[in-house]
Amino acid sequence: MKGHRPSAGSLVALALSVSLLALFVLPIVALVTTAPLNAFARAFADPQARLSVAFTLYASAVALAISLLLGVPLGYLLARRSFLGKSVVESVVGLPVVVPHLVAGLALLFLFSPRTPVGSLFRWAGVPVFGTFLGVVLVMTYVSASYTVLASTLAFRAVDGRLLESARCLGATAPTAFATVTFPLALRGIVAGALLTWARSVSEIGAFLILAYTVYPGPGYDGPVTSPISVYVYNLYQIGDLGETAAVASLFVLVAFAIFLTVRWVERAGILPWGPAELGR
């Protein structure tokens, strides 16, 4: 029996896929190989660089938790409920995705300005926003939470309603059906949205330059003065030391890549409610 020969369509798909993968990989290879080995050693040893990376991971974890807490219920409502103004709400949810970074920063700046009612309220409560941990989390949540809502909406919408009807016919209450059927089936999509949310939050810079260029100790963070990693790398680039810039940027890229690999490993290990066989489909 002769071996199966790939079709022309398969070869075209392969060529296009390899081209896109090359676009993903080659810039990272160029980034990593630009930094001298001694620059990597200095980046790992630099307490300011390590602090910036740790702070960014901490702030992004808090922003992700907020996005999940608020975004998943909203995604469920958009997927499973009909209400007046639903199309408007869906448009509002998608708006932060298309708003330019600097525009997002300006919008938050004007909202929390001491001259506005919201800014005055925060000032009266003694909760600073500009140059604080809260400011960083607000920026991250604003620019990234939409991905949690959008992914959750698609995930909940994809759950077969007949399964829910079967569960209800077997005596399950609405909360029980949600906890045992709807949520487990939607969890894979929610996790995918969480990854996108986290990636978007740590990649932000434009709004940080306006709202939280430098982060000072305050509520939620009592460490030394620092900045998000994107701002830290931007400052190195402004100085003109490309080797140091590439080294610190590569350090964070490796950390982010390790996080993505860990999530994939957890999926493959079957710890989450879907098995390895399902992932291969």
# chains A, B, ... in the order shown; residues from 1 in each chain; ligands from 1
>>> residues_around(residues="stretch 33-40 of chain A", least_positions_apart="4", cutoff="10 Å", atoms="only C-alpha atoms", output="PyMOL selection string")
chain A and resi 27-29+44-46+242-251
>>> residues_around(residues="stretch 102-118 of chain A", least_positions_apart="4", cutoff="6 Å", atoms="only C-alpha atoms", output="VMD selection string")
chain A and resid 206 to 207 210
>>> write_last_selection(atoms="N, CA and C atoms", output="mmCIF file, in the first residue's frame")
data_model
loop_
_atom_site.group_PDB
_atom_site.id
_atom_site.type_symbol
_atom_site.label_atom_id
_atom_site.label_comp_id
_atom_site.auth_asym_id
_atom_site.auth_seq_id
_atom_site.Cartn_x
_atom_site.Cartn_y
_atom_site.Cartn_z
ATOM 1 N N GLY A 206 1.256 51.844 27.622
ATOM 2 C CA GLY A 206 0.787 53.199 27.346
ATOM 3 C C GLY A 206 0.075 53.839 28.524
ATOM 4 N N ALA A 207 -0.862 53.111 29.120
ATOM 5 C CA ALA A 207 -1.600 53.665 30.251
ATOM 6 C C ALA A 207 -0.712 53.802 31.481
ATOM 7 N N ILE A 210 1.095 57.077 31.800
ATOM 8 C CA ILE A 210 0.272 58.213 32.235
ATOM 9 C C ILE A 210 -0.157 58.075 33.693
#
>>> closest_residue(among="A:Arg42, A:His101, A:Arg157, A:Arg264", to="A:Arg81", atoms="only C-alpha atoms")
A:Arg157
>>> select_by_dssp(residues="stretch 164-215 of chain A", states="helix (DSSP H, G or I)", output="ChimeraX atom specification")
/A:164-169,174-202,206-211
>>> write_last_selection(atoms="C-alpha atoms", output="mmCIF file, in the first residue's frame")
data_model
loop_
_atom_site.group_PDB
_atom_site.id
_atom_site.type_symbol
_atom_site.label_atom_id
_atom_site.label_comp_id
_atom_site.auth_asym_id
_atom_site.auth_seq_id
_atom_site.Cartn_x
_atom_site.Cartn_y
_atom_site.Cartn_z
ATOM 1 C CA LEU A 164 -28.785 21.210 31.408
ATOM 2 C CA GLU A 165 -32.315 20.021 30.719
ATOM 3 C CA SER A 166 -31.250 16.447 31.443
ATOM 4 C CA ALA A 167 -29.662 17.507 34.712
ATOM 5 C CA ARG A 168 -32.810 19.370 35.738
ATOM 6 C CA CYS A 169 -34.973 16.373 34.813
ATOM 7 C CA ALA A 174 -30.280 25.427 39.000
ATOM 8 C CA PRO A 175 -27.175 26.054 41.184
ATOM 9 C CA THR A 176 -26.323 22.347 41.153
ATOM 10 C CA ALA A 177 -26.689 22.139 37.370
ATOM 11 C CA PHE A 178 -24.433 25.153 37.005
ATOM 12 C CA ALA A 179 -21.784 23.751 39.366
ATOM 13 C CA THR A 180 -21.789 20.208 37.957
ATOM 14 C CA VAL A 181 -22.547 20.737 34.267
ATOM 15 C CA THR A 182 -22.327 24.292 32.978
ATOM 16 C CA PHE A 183 -19.205 25.512 34.742
ATOM 17 C CA PRO A 184 -17.041 22.393 34.217
ATOM 18 C CA LEU A 185 -17.889 22.351 30.508
ATOM 19 C CA ALA A 186 -17.161 26.066 30.168
ATOM 20 C CA LEU A 187 -14.000 26.003 32.276
ATOM 21 C CA ARG A 188 -11.660 25.282 29.391
ATOM 22 C CA GLY A 189 -12.784 28.431 27.577
ATOM 23 C CA ILE A 190 -12.591 30.442 30.784
ATOM 24 C CA VAL A 191 -8.987 29.296 31.340
ATOM 25 C CA ALA A 192 -8.116 30.300 27.785
ATOM 26 C CA GLY A 193 -9.634 33.714 28.429
ATOM 27 C CA ALA A 194 -7.705 33.991 31.696
ATOM 28 C CA LEU A 195 -4.439 33.397 29.851
ATOM 29 C CA LEU A 196 -5.294 36.117 27.348
ATOM 30 C CA THR A 197 -6.301 38.420 30.191
ATOM 31 C CA TRP A 198 -3.030 37.891 32.008
ATOM 32 C CA ALA A 199 -0.967 38.295 28.840
ATOM 33 C CA ARG A 200 -2.732 41.545 27.977
ATOM 34 C CA SER A 201 -2.280 42.967 31.465
ATOM 35 C CA VAL A 202 1.478 42.352 31.648
ATOM 36 C CA GLY A 206 0.787 53.199 27.346
ATOM 37 C CA ALA A 207 -1.600 53.665 30.251
ATOM 38 C CA PHE A 208 1.211 53.029 32.749
ATOM 39 C CA LEU A 209 3.174 55.936 31.288
ATOM 40 C CA ILE A 210 0.272 58.213 32.235
ATOM 41 C CA LEU A 211 -1.167 56.707 35.407
#
>>> residues_around(residues="A:Val97", least_positions_apart="3", cutoff="8 Å", atoms="only C-alpha atoms", output="mmCIF file with C-alpha atoms, in the first residue's frame")
data_model
loop_
_atom_site.group_PDB
_atom_site.id
_atom_site.type_symbol
_atom_site.label_atom_id
_atom_site.label_comp_id
_atom_site.auth_asym_id
_atom_site.auth_seq_id
_atom_site.Cartn_x
_atom_site.Cartn_y
_atom_site.Cartn_z
ATOM 1 C CA GLY A 94 -15.500 44.950 23.629
ATOM 2 C CA VAL A 143 -7.246 46.805 29.419
ATOM 3 C CA SER A 144 -7.555 43.051 29.980
ATOM 4 C CA SER A 146 -12.703 42.196 28.346
ATOM 5 C CA TYR A 147 -10.915 39.011 27.299
#
>>> residues_around(residues="A:Val53", least_positions_apart="6", cutoff="8 Å", atoms="only C-alpha atoms", output="PyMOL selection string")
chain A and resi 228-229+252
>>> write_last_selection(atoms="N, CA and C atoms", output="mmCIF file, in the first residue's frame")
data_model
loop_
_atom_site.group_PDB
_atom_site.id
_atom_site.type_symbol
_atom_site.label_atom_id
_atom_site.label_comp_id
_atom_site.auth_asym_id
_atom_site.auth_seq_id
_atom_site.Cartn_x
_atom_site.Cartn_y
_atom_site.Cartn_z
ATOM 1 N N PRO A 228 6.241 48.862 36.624
ATOM 2 C CA PRO A 228 5.921 47.649 35.870
ATOM 3 C C PRO A 228 7.048 47.313 34.905
ATOM 4 N N ILE A 229 7.168 46.045 34.565
ATOM 5 C CA ILE A 229 8.304 45.592 33.754
ATOM 6 C C ILE A 229 8.338 46.268 32.389
ATOM 7 N N PHE A 252 11.917 38.467 31.224
ATOM 8 C CA PHE A 252 10.481 38.422 31.447
ATOM 9 C C PHE A 252 9.781 37.530 30.423
#
>>> decode(residues="stretch 175-281 of chain A", atoms="C-alpha atoms", output="PDB file, in the first residue's frame")
ATOM      1  CA  PRO A 175     -27.175  26.054  41.184  1.00  0.00           C
ATOM      2  CA  THR A 176     -26.323  22.347  41.153  1.00  0.00           C
ATOM      3  CA  ALA A 177     -26.689  22.139  37.370  1.00  0.00           C
ATOM      4  CA  PHE A 178     -24.433  25.153  37.005  1.00  0.00           C
ATOM      5  CA  ALA A 179     -21.784  23.751  39.366  1.00  0.00           C
ATOM      6  CA  THR A 180     -21.789  20.208  37.957  1.00  0.00           C
ATOM      7  CA  VAL A 181     -22.547  20.737  34.267  1.00  0.00           C
ATOM      8  CA  THR A 182     -22.327  24.292  32.978  1.00  0.00           C
ATOM      9  CA  PHE A 183     -19.205  25.512  34.742  1.00  0.00           C
ATOM     10  CA  PRO A 184     -17.041  22.393  34.217  1.00  0.00           C
ATOM     11  CA  LEU A 185     -17.889  22.351  30.508  1.00  0.00           C
ATOM     12  CA  ALA A 186     -17.161  26.066  30.168  1.00  0.00           C
ATOM     13  CA  LEU A 187     -14.000  26.003  32.276  1.00  0.00           C
ATOM     14  CA  ARG A 188     -11.660  25.282  29.391  1.00  0.00           C
ATOM     15  CA  GLY A 189     -12.784  28.431  27.577  1.00  0.00           C
ATOM     16  CA  ILE A 190     -12.591  30.442  30.784  1.00  0.00           C
ATOM     17  CA  VAL A 191      -8.987  29.296  31.340  1.00  0.00           C
ATOM     18  CA  ALA A 192      -8.116  30.300  27.785  1.00  0.00           C
ATOM     19  CA  GLY A 193      -9.634  33.714  28.429  1.00  0.00           C
ATOM     20  CA  ALA A 194      -7.705  33.991  31.696  1.00  0.00           C
ATOM     21  CA  LEU A 195      -4.439  33.397  29.851  1.00  0.00           C
ATOM     22  CA  LEU A 196      -5.294  36.117  27.348  1.00  0.00           C
ATOM     23  CA  THR A 197      -6.301  38.420  30.191  1.00  0.00           C
ATOM     24  CA  TRP A 198      -3.030  37.891  32.008  1.00  0.00           C
ATOM     25  CA  ALA A 199      -0.967  38.295  28.840  1.00  0.00           C
ATOM     26  CA  ARG A 200      -2.732  41.545  27.977  1.00  0.00           C
ATOM     27  CA  SER A 201      -2.280  42.967  31.465  1.00  0.00           C
ATOM     28  CA  VAL A 202       1.478  42.352  31.648  1.00  0.00           C
ATOM     29  CA  SER A 203       2.034  43.708  28.132  1.00  0.00           C
ATOM     30  CA  GLU A 204       0.457  47.092  28.863  1.00  0.00           C
ATOM     31  CA  ILE A 205       2.637  50.198  28.794  1.00  0.00           C
ATOM     32  CA  GLY A 206       0.787  53.199  27.346  1.00  0.00           C
ATOM     33  CA  ALA A 207      -1.600  53.665  30.251  1.00  0.00           C
ATOM     34  CA  PHE A 208       1.211  53.029  32.749  1.00  0.00           C
ATOM     35  CA  LEU A 209       3.174  55.936  31.288  1.00  0.00           C
ATOM     36  CA  ILE A 210       0.272  58.213  32.235  1.00  0.00           C
ATOM     37  CA  LEU A 211      -1.167  56.707  35.407  1.00  0.00           C
ATOM     38  CA  ALA A 212       1.573  54.646  37.085  1.00  0.00           C
ATOM     39  CA  TYR A 213       4.977  55.392  35.552  1.00  0.00           C
ATOM     40  CA  THR A 214       6.611  54.946  38.979  1.00  0.00           C
ATOM     41  CA  VAL A 215       5.000  52.935  41.764  1.00  0.00           C
ATOM     42  CA  TYR A 216       5.432  54.057  45.362  1.00  0.00           C
ATOM     43  CA  PRO A 217       4.614  52.097  48.533  1.00  0.00           C
ATOM     44  CA  GLY A 218       0.969  52.225  49.520  1.00  0.00           C
ATOM     45  CA  PRO A 219      -2.136  50.063  50.034  1.00  0.00           C
ATOM     46  CA  GLY A 220      -1.508  46.608  48.576  1.00  0.00           C
ATOM     47  CA  TYR A 221       2.226  47.121  48.121  1.00  0.00           C
ATOM     48  CA  ASP A 222       4.726  48.191  50.779  1.00  0.00           C
ATOM     49  CA  GLY A 223       7.972  47.401  48.952  1.00  0.00           C
ATOM     50  CA  PRO A 224      10.590  49.698  47.435  1.00  0.00           C
ATOM     51  CA  VAL A 225       9.821  52.167  44.658  1.00  0.00           C
ATOM     52  CA  THR A 226       9.532  50.273  41.382  1.00  0.00           C
ATOM     53  CA  SER A 227       7.694  50.210  38.039  1.00  0.00           C
ATOM     54  CA  PRO A 228       5.921  47.649  35.870  1.00  0.00           C
ATOM     55  CA  ILE A 229       8.304  45.592  33.754  1.00  0.00           C
ATOM     56  CA  SER A 230       7.167  47.208  30.499  1.00  0.00           C
ATOM     57  CA  VAL A 231       8.052  50.658  31.859  1.00  0.00           C
ATOM     58  CA  TYR A 232      11.336  49.348  33.264  1.00  0.00           C
ATOM     59  CA  VAL A 233      12.342  47.960  29.859  1.00  0.00           C
ATOM     60  CA  TYR A 234      11.210  51.169  28.177  1.00  0.00           C
ATOM     61  CA  ASN A 235      13.453  53.190  30.495  1.00  0.00           C
ATOM     62  CA  LEU A 236      16.438  50.980  29.662  1.00  0.00           C
ATOM     63  CA  TYR A 237      15.734  51.466  25.975  1.00  0.00           C
ATOM     64  CA  GLN A 238      15.541  55.231  26.453  1.00  0.00           C
ATOM     65  CA  ILE A 239      18.985  55.169  28.057  1.00  0.00           C
ATOM     66  CA  GLY A 240      20.294  53.476  24.930  1.00  0.00           C
ATOM     67  CA  ASP A 241      21.761  50.299  26.428  1.00  0.00           C
ATOM     68  CA  LEU A 242      20.319  47.766  24.005  1.00  0.00           C
ATOM     69  CA  GLY A 243      22.180  44.828  25.536  1.00  0.00           C
ATOM     70  CA  GLU A 244      20.702  45.434  28.992  1.00  0.00           C
ATOM     71  CA  THR A 245      17.301  46.139  27.454  1.00  0.00           C
ATOM     72  CA  ALA A 246      17.314  42.857  25.542  1.00  0.00           C
ATOM     73  CA  ALA A 247      18.492  40.922  28.597  1.00  0.00           C
ATOM     74  CA  VAL A 248      15.780  42.207  30.951  1.00  0.00           C
ATOM     75  CA  ALA A 249      13.115  41.836  28.260  1.00  0.00           C
ATOM     76  CA  SER A 250      14.277  38.285  27.572  1.00  0.00           C
ATOM     77  CA  LEU A 251      14.142  37.516  31.286  1.00  0.00           C
ATOM     78  CA  PHE A 252      10.481  38.422  31.447  1.00  0.00           C
ATOM     79  CA  VAL A 253       9.680  36.636  28.176  1.00  0.00           C
ATOM     80  CA  LEU A 254      11.172  33.455  29.624  1.00  0.00           C
ATOM     81  CA  VAL A 255       9.114  33.859  32.804  1.00  0.00           C
ATOM     82  CA  ALA A 256       5.926  34.353  30.773  1.00  0.00           C
ATOM     83  CA  PHE A 257       6.762  31.376  28.554  1.00  0.00           C
ATOM     84  CA  ALA A 258       7.303  29.216  31.643  1.00  0.00           C
ATOM     85  CA  ILE A 259       3.862  30.213  32.937  1.00  0.00           C
ATOM     86  CA  PHE A 260       2.203  29.268  29.654  1.00  0.00           C
ATOM     87  CA  LEU A 261       4.061  25.934  29.618  1.00  0.00           C
ATOM     88  CA  THR A 262       2.941  25.247  33.196  1.00  0.00           C
ATOM     89  CA  VAL A 263      -0.698  25.842  32.293  1.00  0.00           C
ATOM     90  CA  ARG A 264      -0.374  23.512  29.300  1.00  0.00           C
ATOM     91  CA  TRP A 265       1.274  20.888  31.496  1.00  0.00           C
ATOM     92  CA  VAL A 266      -1.603  21.129  33.971  1.00  0.00           C
ATOM     93  CA  GLU A 267      -4.015  20.608  31.089  1.00  0.00           C
ATOM     94  CA  ARG A 268      -2.112  17.610  29.741  1.00  0.00           C
ATOM     95  CA  ALA A 269      -1.832  16.072  33.206  1.00  0.00           C
ATOM     96  CA  GLY A 270      -5.615  15.884  33.419  1.00  0.00           C
ATOM     97  CA  ILE A 271      -5.817  17.996  36.568  1.00  0.00           C
ATOM     98  CA  LEU A 272      -8.479  20.182  34.994  1.00  0.00           C
ATOM     99  CA  PRO A 273     -11.944  18.760  34.160  1.00  0.00           C
ATOM    100  CA  TRP A 274     -10.962  17.825  30.604  1.00  0.00           C
ATOM    101  CA  GLY A 275      -8.658  14.981  29.736  1.00  0.00           C
ATOM    102  CA  PRO A 276      -5.598  14.718  27.461  1.00  0.00           C
ATOM    103  CA  ALA A 277      -7.660  12.919  24.840  1.00  0.00           C
ATOM    104  CA  GLU A 278     -10.033  15.857  24.570  1.00  0.00           C
ATOM    105  CA  LEU A 279      -7.132  18.298  24.223  1.00  0.00           C
ATOM    106  CA  GLY A 280      -5.858  16.390  21.217  1.00  0.00           C
ATOM    107  CA  ARG A 281      -9.065  16.855  19.287  1.00  0.00           C
TER     108      ARG A 281
END
